[in-house]
Structure formats: C-alpha cells, structure tokens
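For reference, coords.cif (mmCIF, C-alpha atoms):
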```cif
data_final
loop_
_atom_site.label_atom_id
_atom_site.label_comp_id
_atom_site.auth_asym_id
_atom_site.auth_seq_id
_atom_site.Cartn_x
_atom_site.Cartn_y
_atom_site.Cartn_z
CA MET A 1 -18.06 23.51 -24.30
CA GLU A 2 -17.47 21.30 -27.31
CA PRO A 3 -18.01 17.59 -26.61
CA LEU A 4 -14.52 16.67 -27.77
CA LYS A 5 -12.98 19.28 -25.49
CA SER A 6 -14.96 18.03 -22.51
CA VAL A 7 -13.81 14.45 -23.21
CA LYS A 8 -10.23 15.71 -23.28
CA TYR A 9 -10.65 17.55 -19.97
CA GLY A 10 -12.27 14.46 -18.45
CA ALA A 11 -9.29 12.35 -19.52
CA VAL A 12 -6.88 14.85 -17.98
CA TYR A 13 -8.91 14.84 -14.76
CA ASP A 14 -8.83 11.04 -14.64
CA ARG A 15 -5.09 11.03 -15.19
CA LEU A 16 -4.50 13.54 -12.40
CA MET A 17 -6.66 11.52 -10.01
CA ARG A 18 -4.73 8.34 -10.85
CA GLN A 19 -1.46 10.20 -10.37
CA ASN A 20 -2.60 11.48 -6.96
CA ALA A 21 -3.70 7.98 -5.87
CA LEU A 22 -0.36 6.50 -7.00
CA ILE A 23 1.62 9.07 -5.04
CA ARG A 24 -0.48 8.72 -1.90
CA TRP A 25 -0.24 4.92 -1.93
CA ALA A 26 3.50 5.05 -2.66
CA HIS A 27 3.96 7.07 0.54
CA ILE A 28 1.85 4.69 2.62
CA VAL A 29 3.47 1.49 1.34
CA LEU A 30 7.06 2.77 1.47
CA GLY A 31 6.47 4.33 4.90
CA ILE A 32 5.27 0.98 6.26
CA LEU A 33 8.27 -0.76 4.67
CA ALA A 34 10.73 1.67 6.28
CA ALA A 35 8.96 1.37 9.64
CA VAL A 36 9.11 -2.44 9.55
CA CYS A 37 12.84 -2.39 8.71
CA TYR A 38 13.55 0.11 11.50
CA GLU A 39 11.47 -1.61 14.15
CA SER A 40 12.84 -5.04 13.27
CA GLN A 41 16.23 -3.86 14.53
CA ASN A 42 14.98 -2.69 17.92
CA SER A 43 14.25 -4.87 20.88
CA PRO A 44 10.49 -4.82 21.43
CA SER A 45 10.90 -5.10 25.18
CA HIS A 46 10.44 -1.39 25.69
CA TYR A 47 6.82 -1.66 24.60
CA ALA A 48 6.16 -3.14 28.03
CA PHE A 49 6.66 0.29 29.59
CA TRP A 50 4.41 2.43 27.44
CA ARG A 51 2.40 3.45 30.41
CA SER A 52 5.13 5.57 31.94
CA THR A 53 6.08 7.69 28.93
CA GLY A 54 3.66 7.07 26.10
CA TRP A 55 4.38 10.32 24.29
CA ALA A 56 8.10 9.59 24.12
CA MET A 57 7.34 6.11 22.80
CA ILE A 58 5.04 7.49 20.10
CA ALA A 59 7.65 10.08 19.07
CA ILE A 60 10.38 7.43 18.94
CA LEU A 61 8.20 5.03 16.96
CA ALA A 62 7.42 7.82 14.51
CA VAL A 63 11.09 8.35 13.58
CA PRO A 64 11.16 6.13 10.43
CA ILE A 65 7.78 7.25 9.11
CA TRP A 66 8.25 10.95 9.76
CA PRO A 67 9.87 11.76 6.37
CA TYR A 68 6.84 10.18 4.67
CA ALA A 69 4.48 12.23 6.81
CA VAL A 70 6.34 15.43 5.86
CA SER A 71 6.27 14.49 2.19
CA CYS A 72 2.58 13.56 2.42
CA VAL A 73 1.72 16.99 3.79
CA ALA A 74 3.47 18.53 0.77
CA VAL A 75 1.92 16.31 -1.91
CA TRP A 76 -1.45 15.16 -0.54
CA ARG A 77 -3.58 17.74 -2.35
CA ARG A 78 -1.32 18.36 -5.35
CA THR A 79 -1.17 17.12 -8.91
CA THR A 80 0.83 18.16 -11.94
CA THR A 81 0.13 18.02 -15.66
CA ASP A 82 3.77 17.12 -16.24
CA TRP A 83 4.13 13.50 -17.41
CA MET A 84 7.65 12.72 -16.24
CA ARG A 85 8.04 14.47 -12.90
CA PRO A 86 5.59 12.31 -10.90
CA TRP A 87 7.42 9.19 -12.08
CA ILE A 88 10.78 10.74 -11.22
CA PHE A 89 9.32 11.62 -7.81
CA CYS A 90 8.15 8.03 -7.23
CA PHE A 91 11.51 6.69 -8.40
CA GLY A 92 13.32 9.06 -6.02
CA LEU A 93 11.00 8.05 -3.17
CA LEU A 94 11.65 4.36 -3.85
CA THR A 95 15.44 4.76 -4.23
CA ILE A 96 15.81 6.73 -1.00
CA THR A 97 13.57 4.22 0.81
CA ILE A 98 15.73 1.30 -0.36
CA LEU A 99 18.89 3.10 0.79
CA ILE A 100 17.38 4.00 4.15
CA CYS A 101 16.10 0.44 4.67
CA LEU A 102 19.60 -0.89 3.97
CA TRP A 103 20.90 1.55 6.58
CA TYR A 104 18.27 0.48 9.14
CA LEU A 105 19.07 -3.18 8.55
CA ASN A 106 22.78 -2.51 8.99
CA ASP A 107 24.15 -3.03 12.46
CA ALA A 108 25.77 0.42 12.32
CA SER A 109 22.29 1.96 12.50
CA ARG A 110 21.46 0.17 15.74
CA ARG A 111 24.86 0.98 17.20
CA SER A 112 24.52 4.66 16.27
CA GLY A 113 21.35 5.09 18.29
CA LEU A 114 18.25 7.16 18.03
CA ILE A 115 19.80 10.60 17.51
CA ALA A 116 21.85 9.52 14.48
CA ASN A 117 18.78 7.86 12.94
CA LEU A 118 16.71 10.93 13.71
CA THR A 119 19.27 13.18 11.99
CA ILE A 120 19.27 10.93 8.94
CA THR A 121 15.48 10.97 8.76
CA MET A 122 15.52 14.77 8.94
CA PHE A 123 17.77 14.89 5.86
CA GLN A 124 15.46 12.32 4.27
CA SER A 125 12.48 14.59 5.02
CA ALA A 126 14.25 17.55 3.45
CA ALA A 127 15.09 15.49 0.33
CA TYR A 128 11.46 14.37 -0.05
CA TYR A 129 10.15 17.86 0.54
CA TYR A 130 12.38 19.55 -2.05
CA LEU A 131 11.72 16.73 -4.52
CA ALA A 132 7.98 17.26 -3.98
CA GLN A 133 8.33 21.00 -4.50
CA TRP A 134 10.18 20.43 -7.75
CA THR A 135 7.65 17.83 -8.92
CA PHE A 136 4.56 19.90 -8.20
CA GLU A 137 5.97 23.36 -8.80
CA ASP A 138 3.22 24.17 -11.33
CA SER A 139 0.53 23.60 -8.69
CA PHE A 140 1.89 26.09 -6.13
CA ASP A 141 -0.02 29.36 -6.12
CA ASN A 142 2.58 31.84 -4.92
CA SER A 143 1.83 34.67 -7.34
CA MET B 144 -15.69 6.01 17.40
CA ASP B 145 -17.76 7.69 20.09
CA ILE B 146 -15.64 10.76 20.78
CA ARG B 147 -17.36 11.52 24.09
CA ARG B 148 -16.65 8.02 25.37
CA PHE B 149 -13.03 8.36 24.24
CA VAL B 150 -12.62 11.69 26.07
CA ARG B 151 -14.20 10.21 29.23
CA GLN B 152 -11.79 7.27 29.12
CA LEU B 153 -8.88 9.63 28.54
CA LEU B 154 -9.85 11.81 31.51
CA ALA B 155 -10.36 8.74 33.72
CA TYR B 156 -6.95 7.44 32.66
CA TYR B 157 -5.16 10.70 33.50
CA SER B 158 -6.97 11.17 36.79
CA ALA B 159 -5.91 7.62 37.76
CA GLN B 160 -2.34 8.42 36.73
CA SER B 161 -2.13 11.62 38.75
CA GLY B 162 -3.54 9.92 41.87
CA ASP B 163 -1.62 8.13 44.57
CA CYS B 164 -0.80 5.22 42.31
CA GLY B 165 -3.56 3.17 43.95
CA PRO B 166 -4.52 1.24 40.82
CA CYS B 167 -0.89 0.41 40.05
CA ALA B 168 -1.53 -3.18 39.21
CA PRO B 169 1.10 -4.81 37.05
CA GLY B 170 -0.32 -3.15 33.99
CA PRO B 171 2.64 -2.61 31.70
CA SER B 172 3.20 -6.22 30.87
CA ALA B 173 2.51 -6.30 27.17
CA GLY B 174 5.03 -7.30 24.53
CA GLY B 175 5.46 -10.91 25.49
CA THR B 176 6.29 -10.24 29.11
CA SER B 177 2.86 -10.93 30.47
CA GLY B 178 2.76 -11.88 34.10
CA THR B 179 6.39 -11.12 34.78
CA ALA B 180 6.12 -7.52 35.91
CA TRP B 181 4.98 -6.71 39.42
CA ASN B 182 4.92 -3.84 41.82
CA ASP B 183 8.15 -3.94 43.78
CA GLY B 184 6.69 -1.94 46.66
CA ASN B 185 8.82 1.14 45.94
CA GLY B 186 6.61 2.59 43.26
CA GLY B 187 8.41 0.58 40.61
CA PHE B 188 8.11 -2.69 38.78
CA SER B 189 10.56 -5.50 38.54
CA ASP B 190 10.68 -7.61 35.46
CA VAL B 191 12.65 -10.81 35.59
CA THR B 192 12.28 -11.52 31.89
CA LEU B 193 13.93 -8.29 30.91
CA GLY B 194 16.29 -8.23 33.83
CA VAL B 195 15.51 -4.62 34.60
CA THR B 196 13.74 -2.67 37.28
CA VAL B 197 11.92 0.39 36.19
CA THR B 198 9.62 2.86 37.81
CA ALA B 199 6.43 2.59 35.84
CA GLY B 200 2.82 3.24 36.66
CA ALA B 201 2.55 6.98 37.18
CA SER B 202 2.69 9.82 34.74
CA SER B 203 6.14 11.29 34.17
CA MET B 204 4.71 14.56 32.93
CA SER B 205 4.21 17.54 35.17
CA GLU B 206 1.47 20.06 34.43
CA SER B 207 3.84 22.39 32.61
CA ASP B 208 5.14 19.43 30.58
CA VAL B 209 1.59 18.61 29.56
CA ALA B 210 1.04 22.28 28.71
CA SER B 211 4.18 22.56 26.57
CA THR B 212 3.41 19.26 24.80
CA THR B 213 -0.11 20.49 24.10
CA VAL B 214 1.35 23.70 22.70
CA VAL B 215 3.75 21.71 20.49
CA LEU B 216 0.80 19.75 19.12
CA ALA B 217 -1.15 22.97 18.57
CA GLY B 218 1.85 24.37 16.67
CA ALA B 219 1.97 21.21 14.59
CA GLY B 220 -1.72 21.62 13.76
CA THR B 221 -1.12 25.23 12.76
CA ALA B 222 1.79 24.20 10.52
CA GLY B 223 -0.36 21.46 8.98
CA ILE B 224 -3.14 23.94 8.21
CA GLU B 225 -0.62 26.31 6.63
CA ALA B 226 0.90 23.52 4.54
CA GLN B 227 -2.50 22.35 3.31
CA PHE B 228 -4.44 25.60 3.00
CA GLY B 229 -1.78 28.33 3.19
CA GLU B 230 -2.36 29.42 -0.39
CA HIS B 231 -6.08 29.93 0.24
CA PHE B 232 -8.04 32.81 1.67
CA ILE B 233 -10.94 32.57 4.08
CA GLY B 234 -13.91 34.81 3.53
CA THR B 235 -16.06 36.38 6.22
CA ASN B 236 -18.67 33.81 5.18
CA GLY B 237 -16.27 31.06 6.31
CA ARG B 238 -15.64 29.70 2.81
CA LEU B 239 -12.22 29.13 1.27
CA TYR B 240 -11.17 30.94 -1.88
CA THR B 241 -8.12 30.75 -4.11
CA ARG B 242 -6.05 33.88 -4.57
CA ALA B 243 -7.77 34.75 -7.84
CA TRP B 244 -11.23 34.71 -6.22
CA ALA B 245 -10.25 35.98 -2.81
CA ASN B 246 -11.49 39.57 -2.94
CA GLY B 247 -14.60 39.07 -5.06
CA PHE B 248 -16.86 38.11 -2.17
CA GLY B 249 -16.35 40.81 0.40
CA ARG B 250 -13.47 40.73 2.81
CA SER B 251 -11.20 37.74 2.99
CA TYR B 252 -8.11 36.87 4.99
CA SER B 253 -5.03 34.96 3.98
CA ILE B 254 -4.90 31.61 5.78
CA SER B 255 -1.13 31.86 5.63
CA ALA B 256 -1.14 35.17 7.52
CA LEU B 257 -3.50 33.76 10.15
CA THR B 258 -1.43 30.60 10.67
CA LYS B 259 1.79 32.64 10.90
CA LEU B 260 0.19 34.73 13.62
CA ALA B 261 -1.07 31.61 15.43
CA GLY B 262 2.39 30.00 15.03
CA GLY B 263 4.05 33.05 16.59
CA TYR B 264 1.71 32.94 19.60
CA THR B 265 2.24 29.18 19.88
CA PHE B 266 6.00 29.72 19.98
CA LEU B 267 5.65 32.36 22.71
CA ALA B 268 3.28 30.18 24.76
CA GLY B 269 5.54 27.12 24.34
CA THR B 270 8.60 29.08 25.43
CA PHE B 271 6.68 30.41 28.44
CA PHE B 272 5.67 26.91 29.56
CA ASP B 273 9.20 25.65 28.93
CA LEU B 274 10.55 28.45 31.12
CA GLN B 275 8.13 27.38 33.83
CA SER B 276 9.29 23.78 33.47
CA LEU B 277 12.89 24.93 33.65
CA GLN B 278 12.22 26.89 36.83
CA ASP B 279 10.35 23.93 38.33
CA GLY B 280 13.30 21.72 37.49
CA ASP B 281 11.26 19.48 35.19
CA ILE B 282 13.52 20.01 32.18
CA THR B 283 17.23 20.62 31.76
CA ASN B 284 18.91 23.68 30.22
CA GLY B 285 19.82 21.56 27.20
CA GLN B 286 16.19 20.60 26.69
CA PHE B 287 15.11 24.23 26.97
CA TYR B 288 17.62 25.58 24.46
CA THR B 289 17.01 22.73 22.00
CA ASN B 290 13.27 23.40 22.18
CA LEU B 291 13.93 27.10 21.70
CA ALA B 292 16.13 26.50 18.63
CA LEU B 293 13.71 24.04 17.03
CA GLY B 294 10.80 26.37 17.79
CA ALA B 295 12.59 29.32 16.18
CA LEU B 296 13.40 27.16 13.14
CA SER B 297 9.74 26.16 12.95
CA LEU B 298 8.74 29.82 12.75
CA THR B 299 10.51 30.20 9.42
CA SER B 300 8.41 27.73 7.45
CA SER B 301 5.59 25.25 7.94
CA SER B 302 7.65 22.49 6.34
CA PHE B 303 10.48 23.06 8.84
CA ALA B 304 7.87 23.03 11.61
CA ILE B 305 6.46 19.69 10.50
CA GLY B 306 9.90 18.24 9.78
CA SER B 307 11.32 19.13 13.17
CA LEU B 308 8.19 18.20 15.12
CA ASN B 309 9.32 14.68 15.89
CA ALA B 310 12.70 15.84 17.19
CA LEU B 311 10.91 18.48 19.26
CA MET B 312 8.56 15.88 20.74
CA ILE B 313 11.39 13.49 21.63
CA ASN B 314 13.39 16.30 23.24
CA ASN B 315 10.28 17.48 25.05
CA VAL B 316 9.02 14.22 26.50
CA TYR B 317 12.05 11.94 26.82
CA PRO B 318 13.29 12.38 30.40
CA GLY B 319 16.31 14.66 30.12
CA GLY B 320 15.75 15.22 26.40
CA PHE B 321 18.44 14.26 23.88
CA GLN B 322 21.08 14.53 26.56
CA GLY B 323 19.10 12.12 28.74
CA TYR B 324 18.79 9.72 25.86
CA TYR B 325 22.55 9.81 25.22
CA GLU B 326 23.27 9.12 28.86
CA ASP B 327 20.94 6.09 28.73
CA PHE B 328 22.37 5.03 25.39
CA PHE B 329 25.99 5.06 26.48
CA LEU B 330 25.02 3.29 29.67
CA ASP B 331 23.28 0.50 27.79
CA PRO B 332 22.34 0.88 24.10
CA ASN B 333 19.89 -2.00 24.26
CA ASN B 334 17.89 -0.55 27.10
CA ALA B 335 17.99 3.12 26.07
CA LEU B 336 14.41 2.89 24.89
CA ILE B 337 13.25 1.54 28.23
CA ILE B 338 12.73 4.86 29.86
CA THR B 339 13.74 4.58 33.46
CA GLY B 340 13.92 8.20 34.51
CA GLY B 341 10.24 8.91 34.04
CA TYR B 342 9.46 9.74 37.62
CA ASP B 343 12.45 11.77 38.59
CA GLY B 344 11.88 14.31 35.86
CA LEU B 345 15.35 15.73 35.97
CA ARG B 346 18.14 13.21 35.90
#
```
Serialized structure, structure tokens:
Amino acid sequence: MEPLKSVKYGAVYDRLMRQNALIRWAHIVLGILAAVCYESQNSPSHYAFWRSTGWAMIAILAVPIWPYAVSCVAVWRRTTTDWMRPWIFCFGLLTITILICLWYLNDASRRSGLIANLTITMFQSAAYYYLAQWTFEDSFDNS
Amino acid sequence: MDIRRFVRQLLAYYSAQSGDCGPCAPGPSAGGTSGTAWNDGNGGFSDVTLGVTVTAGASSMSESDVASTTVVLAGAGTAGIEAQFGEHFIGTNGRLYTRAWANGFGRSYSISALTKLAGGYTFLAGTFFDLQSLQDGDITNGQFYTNLALGALSLTSSSFAIGSLNALMINNVYPGGFQGYYEDFFLDPNNALIITGGYDGLR
C-alpha cells in the first residue's frame, strides 16, 4: 500500500473511532440525565421494600434508561463514513432527551403513572432505533 | 468480582428467602427509614415513617415465576446476541465470519438463524411456564395475555424484543401485572411503587 494511502486510511479509522466514542458517551450521559429527572419526581420511600420484589423494582427503575439501552444495542458496534448523519443522530438524541426530561419534570408525568411513562419511553425507543438505523444504514450487512 | 462467591451469596440469599422467614429481621430499612421498620408479628413490617404496613421479607416469586422470569432474561440475551452479531456467521471452528467470508472456511451457520430458533424455543418455554403460573393462580389472565402478546411481538424482531423487555418484566414481576399496578395507582398514586401484594401473588 502506498504510504499516503495508508495515512488516509489511518485518519479515517481515527475519525470512526472518535465518532463511536462520541455516540457511546452521548448515550451514557443523556441516559443518566433522563434517569435523574425521572427519579427526582418519585418518592424514594419505595426503595425501603426492595427485598420483597427486587425484580419489579429493577424493571421500574429501568423505565427512563430503557430507550438508551435499546439505542445502544443498535449503535454500539457501528460507525458510518457519512459526516453529517452522526451529528444529526446526536442532535436528535439530545432534543428528544430534553423533551422527555421536561415531561418527567412536569407534574402531569407523575400524575399519569408508570404505564403512561412506559408507553412514552417505548415510543422514544422506537424513535432512537429508527434514527440509528437511518444514521448507520451503510454499516448494515443485509445483502 | 469473585463470581463463585457471588453465586454462593445469591444461593444463600434465596434459600433464606424461601425458608420459614426465620431471619426476617427488619432488613428493608434503607432509604432514610433506618430503624423504623419492624416485624409486626404477622409476617409483615410496619413503618411509622412512611405510614404504611407492608408484607416484606419473603420472596413474592413462586417457582414458575422464577422460571418464566429466567426465560424472559434468556430471551433478552438471545435478542441481544442477534442485535450484536446477527449479521455474522459462526464457523464449525467457533470463529465469527462476515457474510462475504462465511463459506470459505468449511461449514458455517448464520447467527441470526440460530438466535431466531433459540428465540422461538424461549417463547414456547416462557408461554409454558406462564400457563403453569396461570393454573397455579400466581398470575392473572391479563398478565398471561399481555405476556403472550409481548412475546409474540418479540418474535418478529430483536429490536422489538429488546424494546418490549422492560414492559414484559414489569408485567411479569409486579404483583397482578399492569392491572395490579393500576389498582394500586388509583388507590394511592404515591404509594403505587410500594409493592404491597408481594405475598398474596394474585390480588
């Protein structure tokens, strides 16, 4: 391989690795943010009774971070050579997170209960998943 | 972490839970309520700080509940493997290959096909255990049909399976499922997350 070509490939590799790190960290940070907003609206008293139904508690605690887990599964091992789509993906992730945090912090969220919040997070998961598919469509090997 | 030590602790914990509630000291007193919960003598705890009495201290899960939850987690693992490695092929040498290289090294099998097969069996096993739970009276009809619907949805794609896993878990392990939650919620929204029906199974 020509030296110049190898330098170019190295630069592309570095860029893809940076892109992957950015997307992974965006999920972790925004997931924590959403979880903090959600949990701040719940009374923590129920933590006292973990022992009786720990699995239910874990599942209920996972509600706000579940969309990020779903999205992570879709994007964790993917990169794209497209310049714009990863930024659009991060922007979409951030925008939806801000909207969902505003919803969690609103009293209507607490009054609506777990099932309403769960339904909203399922739509959020779907939005993240289809956004991820669009962003990384050149890395799917479906041929 | 020493995995063997962890497993030993886990087994000791569950054997203590399934016993006669001998070691039911006021354990669940975390979250700023330390020292306020005590055994009320009826298998439950009273907590003056929270102003509630709950039955806590023994496992709320029957054997078939544990089995169906284990199957749900196995299904989640299968879906995770499909999502991460579904486009790869596994060779008879145990190595992973991309589609382009799949048939160049002897026989190879599509991970996606294997996980779909495993997912199908997981669905059947989960439904079987749920049926057992239904017959034993551990779950309600609503819980059974919701599990069935979410399980069938999960069969269609690994992303649906992962996306609906949390809902499936809540429906599976919350006493009475979604319906049970709604009953608690309409009774008292603030205390709906304090699960009081854990020992009765069916409400």
For Tyr264 in chain B, list every protein, DNA or RNA residue within 12 Å, evaluated using all atoms listed in the file, and leave out those in the same chain fewer than 3 positions away; present the list as a PyMOL selection string.
chain B and resi 214-215+217-218+221+257-261+267-271+294-295+298
Go ahead and dump the residues you just picked, C-alpha atoms, as an mmCIF file, in the frame of the given file.
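Generated file (selection35.cif):
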```
data_model
loop_
_atom_site.group_PDB
_atom_site.id
_atom_site.type_symbol
_atom_site.label_atom_id
_atom_site.label_comp_id
_atom_site.auth_asym_id
_atom_site.auth_seq_id
_atom_site.Cartn_x
_atom_site.Cartn_y
_atom_site.Cartn_z
ATOM 1 C CA VAL B 214 1.350 23.700 22.700
ATOM 2 C CA VAL B 215 3.750 21.710 20.490
ATOM 3 C CA ALA B 217 -1.150 22.970 18.570
ATOM 4 C CA GLY B 218 1.850 24.370 16.670
ATOM 5 C CA THR B 221 -1.120 25.230 12.760
ATOM 6 C CA LEU B 257 -3.500 33.760 10.150
ATOM 7 C CA THR B 258 -1.430 30.600 10.670
ATOM 8 C CA LYS B 259 1.790 32.640 10.900
ATOM 9 C CA LEU B 260 0.190 34.730 13.620
ATOM 10 C CA ALA B 261 -1.070 31.610 15.430
ATOM 11 C CA LEU B 267 5.650 32.360 22.710
ATOM 12 C CA ALA B 268 3.280 30.180 24.760
ATOM 13 C CA GLY B 269 5.540 27.120 24.340
ATOM 14 C CA THR B 270 8.600 29.080 25.430
ATOM 15 C CA PHE B 271 6.680 30.410 28.440
ATOM 16 C CA GLY B 294 10.800 26.370 17.790
ATOM 17 C CA ALA B 295 12.590 29.320 16.180
ATOM 18 C CA LEU B 298 8.740 29.820 12.750
#
```
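If you look at CA of Asn314 in chain B and CA of Asp107 in chain A, they are 24.6 Å away from each other.
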Write out as a ChimeraX atom specification which residues come within 10 Å of range 28-33 of chain A when counting all atoms listed in the file, dropping same-chain ones fewer than 4 positions away.
/A:23-24,37-38,64-69,72,93-94,96-98,101
Between CA of Arg250 in chain B and CA of Ile233 in chain B, what distance in Å does the model show, to one decimal?
8.6 Å
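In this model, the gap between CA of Ser211 in chain B and CA of Phe328 in chain B comes to 25.3 Å.
Using only C-alpha atoms for every distance, the candidate list B:Leu239, B:Leu308, B:Leu277, B:Leu291 yields B:Leu308 as the residue closest to chain A.
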With 5 Å added on each side, what axis-aligned box encloses every listed atom of range 62-74 of chain A? Give the centre and edge lengths in Å to one decimal, as AutoDock Vina command-line options.
```
--center_x 6.4 --center_y 12.3 --center_z 7.6 --size_x 19.4 --size_y 22.4 --size_z 23.7
```
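Using only C-alpha atoms, the shortest contact distance between chain B and any of A:Tyr104, A:Trp55, A:Trp25, A:Trp87 is found at A:Trp55.
Using only C-alpha atoms, the shortest contact distance between chain A and any of B:Gln322, B:Thr235, B:Ser251, B:Asn290 is found at B:Gln322.
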I'd like the residues picked by the PyMOL selection byres ((chain A and resi 119) around 12) written out as a ChimeraX atom specification, using the chain letters and numbers from the file.
/A:63-64,66-67,109,112-118,120-126 /B:306-307,309-310,321
From the coordinates I just gave you, please extract range 207-261 of chain B so that only C-alpha atoms remain, then output it as a PDB file, in the first residue's frame.
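Writing the result to part.pdb gives the following:
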```pdb
ATOM      1  CA  SER B 207     -42.889 -20.934  37.963  1.00  0.00           C
ATOM      2  CA  ASP B 208     -42.497 -17.147  38.287  1.00  0.00           C
ATOM      3  CA  VAL B 209     -38.762 -17.608  38.706  1.00  0.00           C
ATOM      4  CA  ALA B 210     -38.772 -19.955  35.702  1.00  0.00           C
ATOM      5  CA  SER B 211     -40.691 -17.547  33.462  1.00  0.00           C
ATOM      6  CA  THR B 212     -38.507 -14.598  34.545  1.00  0.00           C
ATOM      7  CA  THR B 213     -35.407 -16.657  33.792  1.00  0.00           C
ATOM      8  CA  VAL B 214     -36.836 -17.474  30.373  1.00  0.00           C
ATOM      9  CA  VAL B 215     -37.558 -13.776  29.738  1.00  0.00           C
ATOM     10  CA  LEU B 216     -33.941 -12.967  30.567  1.00  0.00           C
ATOM     11  CA  ALA B 217     -32.749 -15.798  28.322  1.00  0.00           C
ATOM     12  CA  GLY B 218     -34.895 -14.375  25.512  1.00  0.00           C
ATOM     13  CA  ALA B 219     -33.396 -10.948  26.134  1.00  0.00           C
ATOM     14  CA  GLY B 220     -29.910 -12.435  25.880  1.00  0.00           C
ATOM     15  CA  THR B 221     -30.847 -14.136  22.620  1.00  0.00           C
ATOM     16  CA  ALA B 222     -32.215 -10.870  21.222  1.00  0.00           C
ATOM     17  CA  GLY B 223     -29.057  -9.063  22.330  1.00  0.00           C
ATOM     18  CA  ILE B 224     -26.862 -11.622  20.565  1.00  0.00           C
ATOM     19  CA  GLU B 225     -28.955 -11.274  17.407  1.00  0.00           C
ATOM     20  CA  ALA B 226     -28.768  -7.474  17.535  1.00  0.00           C
ATOM     21  CA  GLN B 227     -24.996  -7.503  18.015  1.00  0.00           C
ATOM     22  CA  PHE B 228     -23.912 -10.481  15.909  1.00  0.00           C
ATOM     23  CA  GLY B 229     -26.960 -11.296  13.764  1.00  0.00           C
ATOM     24  CA  GLU B 230     -25.192 -10.335  10.556  1.00  0.00           C
ATOM     25  CA  HIS B 231     -22.306 -12.714  11.278  1.00  0.00           C
ATOM     26  CA  PHE B 232     -21.855 -16.411  10.684  1.00  0.00           C
ATOM     27  CA  ILE B 233     -20.269 -18.878  13.064  1.00  0.00           C
ATOM     28  CA  GLY B 234     -17.947 -21.482  11.644  1.00  0.00           C
ATOM     29  CA  THR B 235     -17.557 -25.040  12.871  1.00  0.00           C
ATOM     30  CA  ASN B 236     -14.234 -23.832  14.299  1.00  0.00           C
ATOM     31  CA  GLY B 237     -16.183 -21.457  16.567  1.00  0.00           C
ATOM     32  CA  ARG B 238     -14.948 -18.278  14.872  1.00  0.00           C
ATOM     33  CA  LEU B 239     -17.169 -15.489  13.585  1.00  0.00           C
ATOM     34  CA  TYR B 240     -17.187 -14.535   9.922  1.00  0.00           C
ATOM     35  CA  THR B 241     -18.879 -11.790   7.941  1.00  0.00           C
ATOM     36  CA  ARG B 242     -21.229 -12.798   5.154  1.00  0.00           C
ATOM     37  CA  ALA B 243     -18.538 -12.370   2.498  1.00  0.00           C
ATOM     38  CA  TRP B 244     -16.174 -14.792   4.267  1.00  0.00           C
ATOM     39  CA  ALA B 245     -18.766 -17.137   5.695  1.00  0.00           C
ATOM     40  CA  ASN B 246     -18.453 -20.131   3.382  1.00  0.00           C
ATOM     41  CA  GLY B 247     -14.722 -20.010   2.714  1.00  0.00           C
ATOM     42  CA  PHE B 248     -13.728 -21.955   5.819  1.00  0.00           C
ATOM     43  CA  GLY B 249     -15.874 -25.042   5.752  1.00  0.00           C
ATOM     44  CA  ARG B 250     -19.402 -25.026   7.051  1.00  0.00           C
ATOM     45  CA  SER B 251     -20.777 -22.012   8.821  1.00  0.00           C
ATOM     46  CA  TYR B 252     -24.126 -21.125  10.337  1.00  0.00           C
ATOM     47  CA  SER B 253     -25.966 -17.836  10.388  1.00  0.00           C
ATOM     48  CA  ILE B 254     -26.063 -16.434  13.930  1.00  0.00           C
ATOM     49  CA  SER B 255     -29.370 -14.828  13.016  1.00  0.00           C
ATOM     50  CA  ALA B 256     -30.914 -18.202  12.143  1.00  0.00           C
ATOM     51  CA  LEU B 257     -29.627 -19.737  15.379  1.00  0.00           C
ATOM     52  CA  THR B 258     -30.933 -16.883  17.542  1.00  0.00           C
ATOM     53  CA  LYS B 259     -34.324 -16.987  15.797  1.00  0.00           C
ATOM     54  CA  LEU B 260     -34.548 -20.682  16.599  1.00  0.00           C
ATOM     55  CA  ALA B 261     -33.482 -20.066  20.209  1.00  0.00           C
TER      56      ALA B 261
END
```
